[in-house]
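Q: Here it is: the structure, laid out below.
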Amino acid sequence: MTGDFEQQRVKLSTGVELDVVDIGPRDAPVLIFLHGFPESHRTWRGQLPHFATRFRCIAPDQRGYCGSSKPQDVADYTPDKLIADIFALADALGVETFTIVGHDWGGAISWGVALGGQPGGLHPAWAGRVTRAVIANAPHPGIFGRLLQADPVQRAASQYIRLFRDPATDALVREQGLAGVLAKAFEGRLEGAPTPPEEIARSLAWWEDRDACFGMLNWYRASPIEVPPMDAPFAEPPAMPFPKLEIPTLVIWATDDVALPVSNLDGMAELVPNATIVRVPDCGHFVTWEAPGAVNAAMDAFLA
């Protein structure tokens, strides 16, 4: 099943409303799926039908995306607000505990959800609500920040973030929608991604919505992560303690990701002691739909 998924509108205590897919048995364990940039719940079109036979599968279009609320202030997209949305979504749907599943920006937020919601987690009101985590091609914050300072490959691969944050791109976005800035940021780097034409058409419709364009870009603009220019010095940043994620965690990594090289796995065992790492060779960044069979098999084994 890769056709349309029925969505419901869910009003959150955080002040936004999200369009949400909610399928599978209501009394089954819950998986909450978080998509990344510049996609939607359809990031998971190869996973939702597969897992909905035995899990309750919840997949929102996150704030700023598609038909969900699209506040226009950068401050509305700080990580704390994006993380709070997920617990508020669980509350609104009557979900107490869940496994968090994320890709790309959805994975970045999933790291925060897991760290805040694991037993003894960083956020007392949420601690104990997240039982497991599945992260697909989304960098761990404790690793990514160091690579941006010290690794030329990762820094070069992340220069597009500086473009997304630059107010000078706003005129291009207003003129051409998100497609224009994507073409400028990734010129010569997107060939070969096996996106079906009908999925491109779906995405283009949302990329024309200027409020959605700026909502999506605000995820980058509100992030505290620093991306130095290429001519800034390279140096190992000072060692800083980072809280460990102790819950069972599956990290799925497509090894041909041009934005996130496999160096993002270095040091994972130290920060995530119960991590299971599955590498997917010959696959690019959008592993959930480029290699759905590999993702589903890895998740099946992990969730058994």
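A note on labels: chains of the structure tokens are A, B, ... as shown, every chain counts residues from 1, and ligands are counted from 1 in their shown order.
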Can you list every residue of region 114-216 of chain A that has an atom at most 7 Å from region 260-276 of chain A, with its nearest atom pair and the distance in Å to one decimal, using only C-alpha atoms, ordered by chain then number, as a Markdown table?

A:
| residue | atom | partner | partner_atom | distance |
| --- | --- | --- | --- | --- |
| A:Pro139 | CA | A:Asn264 | CA | 6.0 |
| A:Ile143 | CA | A:Asn264 | CA | 6.2 |
| A:Phe144 | CA | A:Asn264 | CA | 6.5 |
| A:Gln154 | CA | A:Leu260 | CA | 6.7 |

Q: Would you kindly return, as a ChimeraX atom specification, each protein, DNA or RNA residue with an atom no farther than 12 Å from any atom of region 237-244 of chain A, considering only C-alpha atoms and excluding same-chain residues fewer than 3 positions away?

A: /A:111-112,114-116,118-122,140-151,226,233-234,247-249,267-275

Q: Within 9 Å of region 71-82 of chain A, which residues of region 167-221 of chain A show up? Give each one with its shortest atom-to-atom distance in Å (one decimal) and the two atoms involved, counting only C-alpha atoms, rows by chain then rising residue number, as a tab-separated table.

A:
residue	atom	partner	partner_atom	distance
A:Asp211	CA	A:Gln72	CA	6.9
A:Ala212	CA	A:Gln72	CA	8.8
A:Phe214	CA	A:Gln72	CA	6.8
A:Gly215	CA	A:Gln72	CA	6.1
A:Leu217	CA	A:Val74	CA	8.8
A:Asn218	CA	A:Val74	CA	5.2
A:Trp219	CA	A:Tyr77	CA	5.5
A:Tyr220	CA	A:Tyr77	CA	8.5
A:Arg221	CA	A:Val74	CA	6.4

Q: Between CA of Lys70 (chain A) and CA of Arg165 (chain A), what is the distance, to one decimal in Å?

A: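 Interatomic distance, CA of Lys70 (chain A) to CA of Arg165 (chain A): 17.4 Å.
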
Q: Skipping near chain neighbours, those fewer than 2 positions away, what residues fall within 6 Å of Gly284 (chain A) using only C-alpha atoms, listed as number ranges by chain?

A: A: 254, 256-257, 286

Q: For a quick check of understanding, using only C-alpha atoms, which of A:Ala298, A:Gln159, A:Thr288, A:Val251 has the smallest distance to Asp231 (chain A)?

A: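 For Asp231 (chain A), the nearest of the given residues is A:Gln159.
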
Q: Please provide as number ranges by chain all residues within 9 Å of region 52-68 of chain A, with the sequence filter that same-chain residues fewer than 5 positions apart are discarded (counting only C-alpha atoms).

A: A: 7, 9, 16-36, 38-42, 44, 47, 77, 82, 85-86, 89, 106, 203, 205-207, 209, 211-219

Q: Could you please write out, as number ranges by chain, every residue of region 87-222 of chain A that DSSP assigns to alpha helix (DSSP H)?

A: A: 87-92, 105-117, 141-150, 152-157, 159-165, 170-176, 178-185, 197-207, 210-221

Q: What's the separation between CA of Ala168 (chain A) and CA of Ser223 (chain A), in Å to one decimal place?

A: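 Taking CA of Ala168 (chain A) as the start and CA of Ser223 (chain A) as the end point, the length is 18.2 Å.
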
Q: Find, counting only C-alpha atoms, the residue in A:Ile109, A:Pro49, A:Gly3, A:Glu198 that gets nearest to Ala84 (chain A).

A: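 Distance minimum relative to Ala84 (chain A) lands on A:Ile109.
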
Q: Which parts of region 86-124 of chain A does DSSP call strand (DSSP E) when run on the backbone here, written out as a PyMOL selection string?

A: chain A and resi 98-103

Q: Include N, CA and C atoms and write out the residues we just selected as a PDB file, in the first residue's frame.

A:
ATOM      1  N   PHE A  98       5.645   4.714  24.186  1.00  0.00           N
ATOM      2  CA  PHE A  98       5.770   4.494  22.750  1.00  0.00           C
ATOM      3  C   PHE A  98       7.230   4.303  22.370  1.00  0.00           C
ATOM      4  N   THR A  99       7.416   3.743  21.184  1.00  0.00           N
ATOM      5  CA  THR A  99       8.714   3.710  20.506  1.00  0.00           C
ATOM      6  C   THR A  99       8.748   4.877  19.531  1.00  0.00           C
ATOM      7  N   ILE A 100       9.810   5.659  19.578  1.00  0.00           N
ATOM      8  CA  ILE A 100       9.951   6.779  18.655  1.00  0.00           C
ATOM      9  C   ILE A 100      10.772   6.328  17.450  1.00  0.00           C
ATOM     10  N   VAL A 101      10.312   6.688  16.256  1.00  0.00           N
ATOM     11  CA  VAL A 101      10.957   6.297  15.005  1.00  0.00           C
ATOM     12  C   VAL A 101      11.145   7.560  14.173  1.00  0.00           C
ATOM     13  N   GLY A 102      12.370   7.863  13.746  1.00  0.00           N
ATOM     14  CA  GLY A 102      12.574   9.101  13.018  1.00  0.00           C
ATOM     15  C   GLY A 102      13.626   9.004  11.935  1.00  0.00           C
ATOM     16  N   HIS A 103      13.448   9.836  10.909  1.00  0.00           N
ATOM     17  CA  HIS A 103      14.407   9.939   9.806  1.00  0.00           C
ATOM     18  C   HIS A 103      14.747  11.406   9.584  1.00  0.00           C
TER      19      HIS A 103
END

Q: Can you work out which one of A:Arg279, A:Arg155, A:Lys11, A:His50 has the shortest atom-to-atom distance to Pro229 (chain A), counting only C-alpha atoms?

A: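 Looking at the shortest contact to Pro229 (chain A), the residue is A:Arg155.
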
Q: Any idea what the distance is between CA of Val113 (chain A) and CA of Trp289 (chain A)?

A: 23.2 Å
